[in-house]
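Peer 1: One file: structure-v4.pdb (PDB, C-alpha atoms).
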```pdb
ATOM      1  CA  MET A   1      89.837  24.712  -2.026
ATOM      2  CA  LYS A   2      88.987  24.259   1.650
ATOM      3  CA  ALA A   3      89.323  27.158   4.057
ATOM      4  CA  ILE A   4      88.191  28.275   7.484
ATOM      5  CA  VAL A   5      85.586  30.949   6.855
ATOM      6  CA  GLN A   6      83.795  33.502   9.031
ATOM      7  CA  GLU A   7      80.729  35.371   7.828
ATOM      8  CA  LYS A   8      80.510  37.909  10.666
ATOM      9  CA  TYR A   9      82.175  38.804  13.938
ATOM     10  CA  ARG A  10      81.533  36.160  16.586
ATOM     11  CA  SER A  11      83.344  33.724  18.851
ATOM     12  CA  PRO A  12      85.883  31.274  17.346
ATOM     13  CA  ASP A  13      83.229  28.553  17.646
ATOM     14  CA  GLY A  14      81.427  30.276  14.783
ATOM     15  CA  LEU A  15      84.243  29.532  12.291
ATOM     16  CA  GLU A  16      83.360  26.987   9.617
ATOM     17  CA  LEU A  17      85.391  24.834   7.227
ATOM     18  CA  LYS A  18      84.052  25.430   3.714
ATOM     19  CA  GLU A  19      84.921  25.079   0.049
ATOM     20  CA  ILE A  20      85.802  28.434  -1.515
ATOM     21  CA  ASP A  21      87.511  29.566  -4.714
ATOM     22  CA  LYS A  22      91.289  29.452  -4.971
ATOM     23  CA  PRO A  23      92.872  32.935  -4.723
ATOM     24  CA  VAL A  24      93.557  34.757  -8.002
ATOM     25  CA  VAL A  25      97.254  35.484  -8.591
ATOM     26  CA  GLY A  26      98.100  39.092  -9.459
ATOM     27  CA  ASP A  27     101.101  40.173 -11.509
ATOM     28  CA  ASP A  28     103.275  40.710  -8.410
ATOM     29  CA  ASP A  29     101.783  37.919  -6.307
ATOM     30  CA  VAL A  30     102.848  34.493  -5.128
ATOM     31  CA  LEU A  31     100.327  31.671  -4.678
ATOM     32  CA  VAL A  32     101.351  29.307  -1.882
ATOM     33  CA  ARG A  33     100.140  25.799  -1.137
ATOM     34  CA  VAL A  34      99.803  26.133   2.631
ATOM     35  CA  HIS A  35     101.522  23.556   4.813
ATOM     36  CA  ALA A  36     101.247  25.411   8.128
ATOM     37  CA  ALA A  37      99.805  28.648   9.527
ATOM     38  CA  GLY A  38     100.586  30.429  12.784
ATOM     39  CA  VAL A  39      98.085  31.390  15.495
ATOM     40  CA  ASP A  40      98.487  34.652  17.410
ATOM     41  CA  GLN A  41      96.351  36.877  19.601
ATOM     42  CA  GLY A  42      95.545  39.071  16.620
ATOM     43  CA  VAL A  43      93.546  36.212  15.085
ATOM     44  CA  TRP A  44      91.191  36.194  18.080
ATOM     45  CA  HIS A  45      90.754  39.966  17.859
ATOM     46  CA  LEU A  46      89.839  39.821  14.176
ATOM     47  CA  VAL A  47      87.541  36.810  14.558
ATOM     48  CA  THR A  48      85.586  38.394  17.407
ATOM     49  CA  GLY A  49      85.833  42.003  16.248
ATOM     50  CA  LEU A  50      87.231  43.054  19.615
ATOM     51  CA  PRO A  51      88.078  45.615  20.675
ATOM     52  CA  TYR A  52      85.449  47.627  18.824
ATOM     53  CA  LEU A  53      88.137  50.187  18.004
ATOM     54  CA  LEU A  54      89.492  47.728  15.399
ATOM     55  CA  ARG A  55      86.216  47.868  13.504
ATOM     56  CA  ILE A  56      86.263  51.654  13.432
ATOM     57  CA  VAL A  57      89.838  51.875  12.072
ATOM     58  CA  GLY A  58      89.091  49.773   9.025
ATOM     59  CA  PHE A  59      88.661  46.055   9.728
ATOM     60  CA  GLY A  60      84.928  46.156   8.992
ATOM     61  CA  LEU A  61      82.058  47.409  11.144
ATOM     62  CA  ARG A  62      79.651  44.469  11.100
ATOM     63  CA  ARG A  63      81.683  41.756   9.412
ATOM     64  CA  PRO A  64      85.399  41.258   8.688
ATOM     65  CA  LYS A  65      86.733  42.501   5.375
ATOM     66  CA  THR A  66      88.749  39.284   5.040
ATOM     67  CA  ARG A  67      86.513  36.198   5.292
ATOM     68  CA  VAL A  68      89.383  33.760   5.835
ATOM     69  CA  PRO A  69      91.398  34.430   9.017
ATOM     70  CA  GLY A  70      95.080  33.766   9.503
ATOM     71  CA  LEU A  71      98.170  35.829   8.723
ATOM     72  CA  ASP A  72     101.343  33.763   9.205
ATOM     73  CA  VAL A  73     102.029  31.080   6.613
ATOM     74  CA  ALA A  74     104.597  28.570   5.407
ATOM     75  CA  GLY A  75     104.346  26.361   2.343
ATOM     76  CA  ARG A  76     105.413  25.728  -1.262
ATOM     77  CA  VAL A  77     104.992  28.124  -4.144
ATOM     78  CA  GLU A  78     102.230  26.901  -6.464
ATOM     79  CA  ALA A  79     102.283  29.735  -9.005
ATOM     80  CA  VAL A  80     103.707  33.229  -9.475
ATOM     81  CA  GLY A  81     102.602  36.400 -11.257
ATOM     82  CA  ARG A  82     104.368  37.555 -14.415
ATOM     83  CA  ASN A  83     106.381  40.236 -12.572
ATOM     84  CA  VAL A  84     107.677  37.922  -9.838
ATOM     85  CA  ILE A  85     111.409  37.268 -10.102
ATOM     86  CA  ARG A  86     112.316  36.178  -6.568
ATOM     87  CA  PHE A  87     110.382  32.905  -6.480
ATOM     88  CA  GLN A  88     109.305  30.076  -8.730
ATOM     89  CA  PRO A  89     106.921  27.123  -8.358
ATOM     90  CA  GLY A  90     108.240  24.540  -5.928
ATOM     91  CA  ASP A  91     110.145  26.985  -3.700
ATOM     92  CA  GLU A  92     109.604  26.640   0.044
ATOM     93  CA  VAL A  93     108.642  29.984   1.592
ATOM     94  CA  PHE A  94     107.306  31.591   4.766
ATOM     95  CA  GLY A  95     105.794  34.972   5.476
ATOM     96  CA  THR A  96     102.435  36.712   5.765
ATOM     97  CA  CYS A  97      99.227  36.897   3.784
ATOM     98  CA  ALA A  98      95.531  37.597   4.241
ATOM     99  CA  GLY A  99      93.775  34.280   4.863
ATOM    100  CA  SER A 100      96.348  31.603   5.721
ATOM    101  CA  TYR A 101      93.807  29.213   7.288
ATOM    102  CA  ALA A 102      93.224  27.591   3.932
ATOM    103  CA  GLU A 103      94.761  25.151   1.488
ATOM    104  CA  TYR A 104      96.056  28.030  -0.645
ATOM    105  CA  ALA A 105      97.030  31.609   0.155
ATOM    106  CA  CYS A 106      98.210  34.499  -1.987
ATOM    107  CA  ALA A 107     100.170  37.696  -1.319
ATOM    108  CA  HIS A 108     102.664  40.136  -2.852
ATOM    109  CA  GLN A 109     106.128  38.617  -3.322
ATOM    110  CA  ASP A 110     107.615  41.017  -0.755
ATOM    111  CA  LYS A 111     105.557  39.329   1.963
ATOM    112  CA  PHE A 112     107.579  36.118   1.622
ATOM    113  CA  ALA A 113     111.128  34.900   2.187
ATOM    114  CA  PRO A 114     112.788  31.544   1.506
ATOM    115  CA  LYS A 115     112.007  29.077   4.279
ATOM    116  CA  PRO A 116     115.192  28.217   6.207
ATOM    117  CA  ALA A 117     116.153  24.632   5.441
ATOM    118  CA  ASN A 118     116.881  23.830   9.091
ATOM    119  CA  VAL A 119     113.302  24.281  10.333
ATOM    120  CA  THR A 120     109.997  22.583   9.562
ATOM    121  CA  PHE A 121     107.021  24.258   7.916
ATOM    122  CA  GLU A 122     105.364  24.347  11.340
ATOM    123  CA  GLN A 123     108.320  26.161  12.883
ATOM    124  CA  ALA A 124     108.540  28.609   9.983
ATOM    125  CA  ALA A 125     104.820  29.431  10.233
ATOM    126  CA  ALA A 126     105.321  30.299  13.901
ATOM    127  CA  VAL A 127     107.694  33.137  13.076
ATOM    128  CA  PRO A 128     106.382  36.223  11.243
ATOM    129  CA  THR A 129     103.859  38.157  13.350
ATOM    130  CA  SER A 130     105.340  37.356  16.755
ATOM    131  CA  ALA A 131     108.952  37.767  15.654
ATOM    132  CA  PHE A 132     108.116  41.072  13.920
ATOM    133  CA  ALA A 133     106.759  42.390  17.220
ATOM    134  CA  ALA A 134     109.809  41.184  19.154
ATOM    135  CA  LEU A 135     112.304  42.529  16.621
ATOM    136  CA  GLN A 136     110.646  45.887  16.121
ATOM    137  CA  GLY A 137     110.022  46.301  19.848
ATOM    138  CA  LEU A 138     113.695  45.784  20.642
ATOM    139  CA  ARG A 139     115.249  47.667  17.730
ATOM    140  CA  GLY A 140     112.752  50.225  16.495
ATOM    141  CA  GLY A 141     110.899  50.873  19.729
ATOM    142  CA  ALA A 142     113.889  50.741  22.046
ATOM    143  CA  GLN A 143     117.112  50.803  20.002
ATOM    144  CA  ILE A 144     118.585  48.023  22.112
ATOM    145  CA  GLN A 145     122.309  48.211  22.875
ATOM    146  CA  ALA A 146     124.819  45.529  23.784
ATOM    147  CA  GLY A 147     125.352  45.260  27.530
ATOM    148  CA  GLN A 148     121.920  46.610  28.495
ATOM    149  CA  LYS A 149     119.799  44.904  31.118
ATOM    150  CA  VAL A 150     116.590  43.821  29.404
ATOM    151  CA  LEU A 151     113.417  42.509  31.024
ATOM    152  CA  VAL A 152     110.996  40.521  28.847
ATOM    153  CA  ILE A 153     107.554  40.148  30.423
ATOM    154  CA  GLY A 154     105.692  37.178  28.998
ATOM    155  CA  ALA A 155     108.989  35.519  28.040
ATOM    156  CA  GLY A 156     107.421  32.089  27.557
ATOM    157  CA  GLY A 157     104.808  33.219  25.044
ATOM    158  CA  GLY A 158     104.820  33.673  21.293
ATOM    159  CA  VAL A 159     106.413  37.133  21.173
ATOM    160  CA  GLY A 160     108.422  36.574  24.359
ATOM    161  CA  THR A 161     110.338  33.506  23.150
ATOM    162  CA  PHE A 162     111.537  35.460  20.123
ATOM    163  CA  ALA A 163     112.294  38.565  22.211
ATOM    164  CA  VAL A 164     114.535  36.653  24.625
ATOM    165  CA  GLN A 165     116.566  35.129  21.797
ATOM    166  CA  LEU A 166     116.828  38.336  19.793
ATOM    167  CA  ALA A 167     117.862  40.388  22.831
ATOM    168  CA  LYS A 168     120.636  37.871  23.526
ATOM    169  CA  GLU A 169     121.706  38.026  19.881
ATOM    170  CA  PHE A 170     121.955  41.809  20.225
ATOM    171  CA  GLY A 171     124.264  41.406  23.228
ATOM    172  CA  ALA A 172     121.926  42.226  26.114
ATOM    173  CA  ASN A 173     121.714  40.677  29.569
ATOM    174  CA  VAL A 174     118.193  39.223  29.539
ATOM    175  CA  THR A 175     115.771  38.460  32.347
ATOM    176  CA  GLY A 176     112.546  36.689  31.447
ATOM    177  CA  VAL A 177     109.292  36.900  33.413
ATOM    178  CA  CYS A 178     106.945  33.941  33.077
ATOM    179  CA  SER A 179     104.859  31.391  35.005
ATOM    180  CA  THR A 180     106.337  28.411  36.850
ATOM    181  CA  LYS A 181     105.465  26.079  33.987
ATOM    182  CA  LYS A 182     107.569  28.044  31.501
ATOM    183  CA  THR A 183     110.729  28.774  33.512
ATOM    184  CA  ASP A 184     112.718  25.850  32.094
ATOM    185  CA  LEU A 185     111.791  26.840  28.540
ATOM    186  CA  VAL A 186     112.847  30.450  29.053
ATOM    187  CA  ARG A 187     116.202  29.355  30.474
ATOM    188  CA  SER A 188     116.708  26.944  27.567
ATOM    189  CA  ILE A 189     116.361  29.715  24.961
ATOM    190  CA  GLY A 190     119.096  31.807  26.565
ATOM    191  CA  ALA A 191     117.708  33.980  29.358
ATOM    192  CA  ASP A 192     120.396  34.941  31.872
ATOM    193  CA  ASP A 193     117.839  35.054  34.677
ATOM    194  CA  VAL A 194     114.207  33.974  35.037
ATOM    195  CA  ILE A 195     111.569  35.425  37.349
ATOM    196  CA  ASP A 196     108.537  33.303  38.200
ATOM    197  CA  TYR A 197     105.838  35.955  38.606
ATOM    198  CA  THR A 198     103.734  33.635  40.769
ATOM    199  CA  ARG A 199     106.464  33.725  43.428
ATOM    200  CA  GLU A 200     108.332  36.980  42.901
ATOM    201  CA  ASP A 201     107.637  40.567  41.876
ATOM    202  CA  PHE A 202     110.038  41.869  39.239
ATOM    203  CA  ALA A 203     109.341  45.422  40.461
ATOM    204  CA  ASP A 204     110.469  44.814  44.043
ATOM    205  CA  SER A 205     112.971  47.723  43.920
ATOM    206  CA  ARG A 206     115.962  45.385  44.157
ATOM    207  CA  ARG A 207     116.837  45.758  40.472
ATOM    208  CA  GLN A 208     116.132  48.034  37.564
ATOM    209  CA  TYR A 209     116.340  47.503  33.827
ATOM    210  CA  ASP A 210     117.464  49.623  30.886
ATOM    211  CA  LEU A 211     114.734  48.183  28.688
ATOM    212  CA  ILE A 212     111.435  46.476  29.510
ATOM    213  CA  LEU A 213     109.480  44.742  26.765
ATOM    214  CA  ASP A 214     105.975  44.034  28.045
ATOM    215  CA  THR A 215     104.375  41.362  25.860
ATOM    216  CA  ALA A 216     101.841  40.147  28.427
ATOM    217  CA  GLY A 217      99.898  43.287  29.397
ATOM    218  CA  GLY A 218      97.758  43.893  32.447
ATOM    219  CA  ARG A 219     100.256  45.516  34.767
ATOM    220  CA  SER A 220      99.878  49.201  35.538
ATOM    221  CA  LEU A 221     102.293  51.794  34.197
ATOM    222  CA  SER A 222     103.339  52.735  37.729
ATOM    223  CA  HIS A 223     104.218  49.096  38.460
ATOM    224  CA  LEU A 224     106.268  48.756  35.277
ATOM    225  CA  ARG A 225     108.080  52.045  35.833
ATOM    226  CA  ARG A 226     109.304  50.925  39.266
ATOM    227  CA  ALA A 227     111.418  48.285  37.515
ATOM    228  CA  LEU A 228     112.701  50.716  34.895
ATOM    229  CA  SER A 229     115.913  52.706  35.285
ATOM    230  CA  PRO A 230     115.516  56.520  35.452
ATOM    231  CA  ARG A 231     116.315  56.879  31.747
ATOM    232  CA  GLY A 232     115.231  53.441  30.641
ATOM    233  CA  THR A 233     112.775  52.506  27.904
ATOM    234  CA  LEU A 234     109.461  50.688  28.298
ATOM    235  CA  VAL A 235     107.885  49.197  25.170
ATOM    236  CA  ILE A 236     104.305  47.956  25.473
ATOM    237  CA  VAL A 237     103.805  45.325  22.803
ATOM    238  CA  GLY A 238     100.225  44.403  23.598
ATOM    239  CA  SER A 239      97.594  43.801  26.200
ATOM    240  CA  GLU A 240      94.892  41.178  26.623
ATOM    241  CA  ALA A 241      93.118  42.959  29.459
ATOM    242  CA  GLY A 242      90.496  45.670  29.344
ATOM    243  CA  GLY A 243      87.044  46.501  28.063
ATOM    244  CA  ARG A 244      85.343  45.739  24.764
ATOM    245  CA  TRP A 245      86.056  49.160  23.253
ATOM    246  CA  VAL A 246      89.828  49.462  23.732
ATOM    247  CA  HIS A 247      90.895  46.156  25.364
ATOM    248  CA  GLY A 248      94.001  47.568  27.023
ATOM    249  CA  ILE A 249      95.069  49.859  24.182
ATOM    250  CA  ASP A 250      94.366  52.754  26.526
ATOM    251  CA  ARG A 251      97.311  51.723  28.703
ATOM    252  CA  ALA A 252      99.674  52.023  25.746
ATOM    253  CA  LEU A 253      98.158  55.362  24.802
ATOM    254  CA  ARG A 254      98.592  56.648  28.357
ATOM    255  CA  ALA A 255     102.234  55.604  28.227
ATOM    256  CA  ALA A 256     102.806  57.542  25.018
ATOM    257  CA  LEU A 257     101.091  60.627  26.448
ATOM    258  CA  LEU A 258     103.053  60.485  29.710
ATOM    259  CA  SER A 259     106.454  59.916  28.109
ATOM    260  CA  PRO A 260     107.258  63.592  27.239
ATOM    261  CA  PHE A 261     106.817  64.569  30.893
ATOM    262  CA  VAL A 262     109.093  61.973  32.538
ATOM    263  CA  SER A 263     112.750  61.027  32.170
ATOM    264  CA  GLN A 264     111.834  57.483  31.118
ATOM    265  CA  ASN A 265     111.004  56.643  27.506
ATOM    266  CA  LEU A 266     107.521  55.064  27.402
ATOM    267  CA  ARG A 267     106.474  53.692  24.030
ATOM    268  CA  MET A 268     103.653  51.749  22.452
ATOM    269  CA  LEU A 269     104.428  49.362  19.607
ATOM    270  CA  VAL A 270     102.364  48.826  16.494
ATOM    271  CA  SER A 271     104.364  46.245  14.574
ATOM    272  CA  THR A 272     104.194  46.031  10.789
ATOM    273  CA  GLU A 273     105.059  43.540   8.054
ATOM    274  CA  ARG A 274     108.419  44.543   6.596
ATOM    275  CA  ALA A 275     110.226  42.779   3.773
ATOM    276  CA  GLU A 276     113.631  43.497   5.317
ATOM    277  CA  ASP A 277     112.542  42.016   8.645
ATOM    278  CA  ILE A 278     111.286  38.711   7.228
ATOM    279  CA  GLN A 279     114.568  38.416   5.316
ATOM    280  CA  LEU A 280     116.605  39.095   8.474
ATOM    281  CA  LEU A 281     114.605  36.629  10.563
ATOM    282  CA  GLY A 282     115.122  33.949   7.932
ATOM    283  CA  LYS A 283     118.882  34.507   7.979
ATOM    284  CA  LEU A 284     119.031  34.380  11.792
ATOM    285  CA  ILE A 285     117.083  31.111  11.835
ATOM    286  CA  GLU A 286     119.256  29.589   9.130
ATOM    287  CA  ALA A 287     122.373  30.593  11.092
ATOM    288  CA  GLY A 288     121.017  28.841  14.201
ATOM    289  CA  LYS A 289     120.740  32.108  16.137
ATOM    290  CA  LEU A 290     116.947  32.047  16.401
ATOM    291  CA  THR A 291     114.801  28.963  17.016
ATOM    292  CA  PRO A 292     110.990  29.063  16.732
ATOM    293  CA  VAL A 293     109.320  27.378  19.707
ATOM    294  CA  VAL A 294     106.150  25.446  18.832
ATOM    295  CA  ASP A 295     103.994  24.286  21.713
ATOM    296  CA  ARG A 296     101.470  22.202  19.748
ATOM    297  CA  THR A 297      99.762  21.898  16.394
ATOM    298  CA  TYR A 298      96.112  21.602  15.324
ATOM    299  CA  SER A 299      94.486  20.611  12.051
ATOM    300  CA  LEU A 300      92.614  23.107   9.859
ATOM    301  CA  SER A 301      89.275  21.861  11.195
ATOM    302  CA  GLU A 302      90.488  22.503  14.762
ATOM    303  CA  VAL A 303      91.193  26.230  14.386
ATOM    304  CA  PRO A 304      88.612  27.170  17.085
ATOM    305  CA  LYS A 305      90.312  24.815  19.561
ATOM    306  CA  ALA A 306      93.725  26.284  18.703
ATOM    307  CA  ILE A 307      92.500  29.829  19.346
ATOM    308  CA  GLU A 308      90.883  28.817  22.630
ATOM    309  CA  TYR A 309      94.095  27.105  23.784
ATOM    310  CA  LEU A 310      96.120  30.199  22.978
ATOM    311  CA  ARG A 311      93.641  32.482  24.748
ATOM    312  CA  ALA A 312      93.857  30.354  27.896
ATOM    313  CA  GLY A 313      97.487  31.469  28.255
ATOM    314  CA  HIS A 314      98.975  28.001  28.568
ATOM    315  CA  ALA A 315     101.008  27.909  25.346
ATOM    316  CA  CYS A 316     104.781  27.668  25.691
ATOM    317  CA  GLY A 317     105.816  29.484  22.562
ATOM    318  CA  LYS A 318     103.560  29.275  19.510
ATOM    319  CA  VAL A 319     100.465  27.392  18.414
ATOM    320  CA  VAL A 320     100.363  26.328  14.760
ATOM    321  CA  ILE A 321      97.749  25.047  12.303
ATOM    322  CA  THR A 322      98.787  22.236   9.925
ATOM    323  CA  VAL A 323      97.081  22.063   6.541
TER     324      VAL A 323
END
```
Produce structure tokens that represent the structure in this file.
Peer 2:
Amino acid sequence: MKAIVQEKYRSPDGLELKEIDKPVVGDDDVLVRVHAAGVDQGVWHLVTGLPYLLRIVGFGLRRPKTRVPGLDVAGRVEAVGRNVIRFQPGDEVFGTCAGSYAEYACAHQDKFAPKPANVTFEQAAAVPTSAFAALQGLRGGAQIQAGQKVLVIGAGGGVGTFAVQLAKEFGANVTGVCSTKKTDLVRSIGADDVIDYTREDFADSRRQYDLILDTAGGRSLSHLRRALSPRGTLVIVGSEAGGRWVHGIDRALRAALLSPFVSQNLRMLVSTERAEDIQLLGKLIEAGKLTPVVDRTYSLSEVPKAIEYLRAGHACGKVVITV
């Protein structure tokens, strides 16, 4: 089969399209013929090996443990292991795996859910990683309540577009922060108010929020806390600013260390792949309560271009690879 392969940590330009062996199906595994694969910031981190902290915690010191990048996937089941009872060949599925930038991908059956019939493979592949972060940030990290005032920073991005919709589904009053280019999109997915950060500061002391979900990173804790109510919750989903060793993770760590000493709840989020979450997301999409936003698609041979486009910060919603 053909797959995008990396031999060692380097820039996305170092990725190559090669022929490799088809994955071997274990007893509890599902082999998927890939139709589409999502692109997220985590792909860039794993391709480049940055921050260096990732290498130390188990992703491989000098080269990645997984040669084929890509996590989010949507496609048709090609084969199943002998213990698999939830799927059969021909089923349309979406979920996560190790190495989705390939013609075939394989993972445990719990990593997949039936693809909602009302979305394309490209839309389904845009969901898992970003929607996990949005869902777990709002529910697990913050325990969102109906009627709360919620601020989503980076509302026009991959995680942000899911966070806005999920917060509305949970009954919150949602304000989205984004660039001028993305304001119409953020309004269209349900935000009650939109702040263009190029023209207005959300922490101008005129309003405060019960919950802030920071998906964009870069702003200081003191700046974020000015927009947070005295007993509000701040959840830092990620950061794309900082040095080569920690790349902004230190800001999240400082928040967690400060939290016990202030009235506000300051949390860092490390989202995980959960079977119950992929099932829930599928049901919400099928019910029309959650719509994946896809900015543009690239072919398998164009993975480096897709990563570069995402890193430039211009994507409205998600970037997806078609296979």
Peer 1: Apply the PyMOL selection byres ((chain A and resi 132) around 9) to the file shown and report the selected residues as a list in words.
Peer 2: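 Selected by the PyMOL selection byres ((chain A and resi 132) around 9) in this file: Val127, Pro128, Thr129, Ser130, Ala131, Ala133, Ala134, Leu135, Gln136, Gly137, Val159, Ser271, Thr272, Glu273, Arg274, Asp277, Ile278 and Leu281 of chain A.
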Peer 1: Using only C-alpha atoms, can you tell me which of A:Gln109, A:Gly38, A:Arg187, A:Leu138 comes closest to Thr233 in chain A?
Peer 2: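 Nearest candidate to Thr233 in chain A out of A:Gln109, A:Gly38, A:Arg187, A:Leu138: A:Leu138.
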Peer 1: Counting all atoms listed in the file, what is within 10 Å of Gly70 in chain A, bar same-chain residues fewer than 2 positions away, as a ChimeraX atom specification?
Peer 2: /A:4,37-40,42-44,46-47,66-68,72-73,96-102,105,303,321
Peer 1: Using the chain letters and numbers from this file, what does the PyMOL selection byres ((chain A and resi 165-174) around 7) select? Give the answer as a list in words.
Peer 2: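 Applied to this file, the PyMOL selection byres ((chain A and resi 165-174) around 7) selects Leu135, Gln145, Ala146, Gly147, Gln148, Lys149, Val150, Leu151, Thr161, Phe162, Ala163, Val164, Thr175, Gly176, Ile189, Gly190, Ala191, Asp192, Asp193 and Leu290 of chain A.
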Peer 1: Hey, what's within 8 Å of Gln279 in chain A if we count all atoms listed in the file and toss same-chain stuff fewer than 4 positions away? As an MDAnalysis selection string, please?
Peer 2: chainID A and resid 113 275 283
Peer 1: Go through A:Arg206, A:Gly317, A:Thr322, A:Val262 and flag the residue nearest Gly156 in chain A, using only C-alpha atoms for the distances.
Peer 2: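 With only C-alpha atoms as the atom set, the closest residue is A:Gly317.
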Peer 1: Taking all atoms listed in the file into account, which of A:His223, A:Lys181, A:Arg62, A:Arg231 comes nearest Ala155 in chain A?
Peer 2: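 Smallest distance to Ala155 in chain A is found for A:Lys181.
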Peer 1: I'd like the residues picked by the PyMOL selection byres ((chain A and resi 306) around 9) written out as an mmCIF file with C-alpha atoms, keeping the file's coordinate frame, using the chain letters and numbers from the file.
Peer 2:
```
data_model
loop_
_atom_site.group_PDB
_atom_site.id
_atom_site.type_symbol
_atom_site.label_atom_id
_atom_site.label_comp_id
_atom_site.auth_asym_id
_atom_site.auth_seq_id
_atom_site.Cartn_x
_atom_site.Cartn_y
_atom_site.Cartn_z
ATOM 1 C CA VAL A 39 98.085 31.390 15.495
ATOM 2 C CA ARG A 296 101.470 22.202 19.748
ATOM 3 C CA THR A 297 99.762 21.898 16.394
ATOM 4 C CA TYR A 298 96.112 21.602 15.324
ATOM 5 C CA SER A 299 94.486 20.611 12.051
ATOM 6 C CA GLU A 302 90.488 22.503 14.762
ATOM 7 C CA VAL A 303 91.193 26.230 14.386
ATOM 8 C CA PRO A 304 88.612 27.170 17.085
ATOM 9 C CA LYS A 305 90.312 24.815 19.561
ATOM 10 C CA ILE A 307 92.500 29.829 19.346
ATOM 11 C CA GLU A 308 90.883 28.817 22.630
ATOM 12 C CA TYR A 309 94.095 27.105 23.784
ATOM 13 C CA LEU A 310 96.120 30.199 22.978
ATOM 14 C CA ARG A 311 93.641 32.482 24.748
ATOM 15 C CA VAL A 319 100.465 27.392 18.414
ATOM 16 C CA VAL A 320 100.363 26.328 14.760
ATOM 17 C CA ILE A 321 97.749 25.047 12.303
#
```
Peer 1: Just how far from CA of Glu276 in chain A is CA of Val93 in chain A, in Å to one decimal?
Peer 2: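 Separation of CA of Val93 in chain A and CA of Glu276 in chain A: 14.9 Å.
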Peer 1: Any idea what the distance is between CA of Lys111 in chain A and CA of Thr291 in chain A?
Peer 2: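 Taking CA of Lys111 in chain A as the start and CA of Thr291 in chain A as the end point, the length is 20.5 Å.
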Peer 1: What is the CA of Thr48 in chain A-CA of Ser11 in chain A distance in Å, reported with one decimal?
Peer 2: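 CA of Ser11 in chain A lies 5.4 Å from CA of Thr48 in chain A.
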Peer 1: Which neighbours of Val323 in chain A fall inside 7 Å, counting only C-alpha atoms, when residues of the same chain fewer than 3 positions from it are skipped, and could you give them as a ChimeraX atom specification?
Peer 2: /A:34-36,103,299-300
Peer 1: Deliver the residues from the most recent selection as a file, using C-alpha atoms, as a tab-separated table (two decimals), keeping the file's coordinate frame.
Peer 2:
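Full text of out.tsv as output:
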```
chain	number	residue	atom	x	y	z
A	34	VAL	CA	99.80	26.13	2.63
A	35	HIS	CA	101.52	23.56	4.81
A	36	ALA	CA	101.25	25.41	8.13
A	103	GLU	CA	94.76	25.15	1.49
A	299	SER	CA	94.49	20.61	12.05
A	300	LEU	CA	92.61	23.11	9.86
```
Peer 1: Within 9 Å of Val119 in chain A, counting only C-alpha atoms, which residues show up once you throw out same-chain ones fewer than 4 positions away? Write them as a PyMOL selection string, please.
Peer 2: chain A and resi 115+123-124+285-286+291-292
Peer 1: Taking all atoms listed in the file into account, which of A:Asp204, A:Val152, A:Ala315, A:Ser301 comes nearest Lys18 in chain A?
Peer 2: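 Between A:Asp204, A:Val152, A:Ala315, A:Ser301, the residue approaching Lys18 in chain A most closely is A:Ser301.
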Peer 1: Name the residues in contact with Cys316 in chain A at a cut-off of 7 Å, using only C-alpha atoms, excluding same-chain residues fewer than 2 positions from it; report them as a PyMOL selection string.
Peer 2: chain A and resi 156-157+182+295+314+318
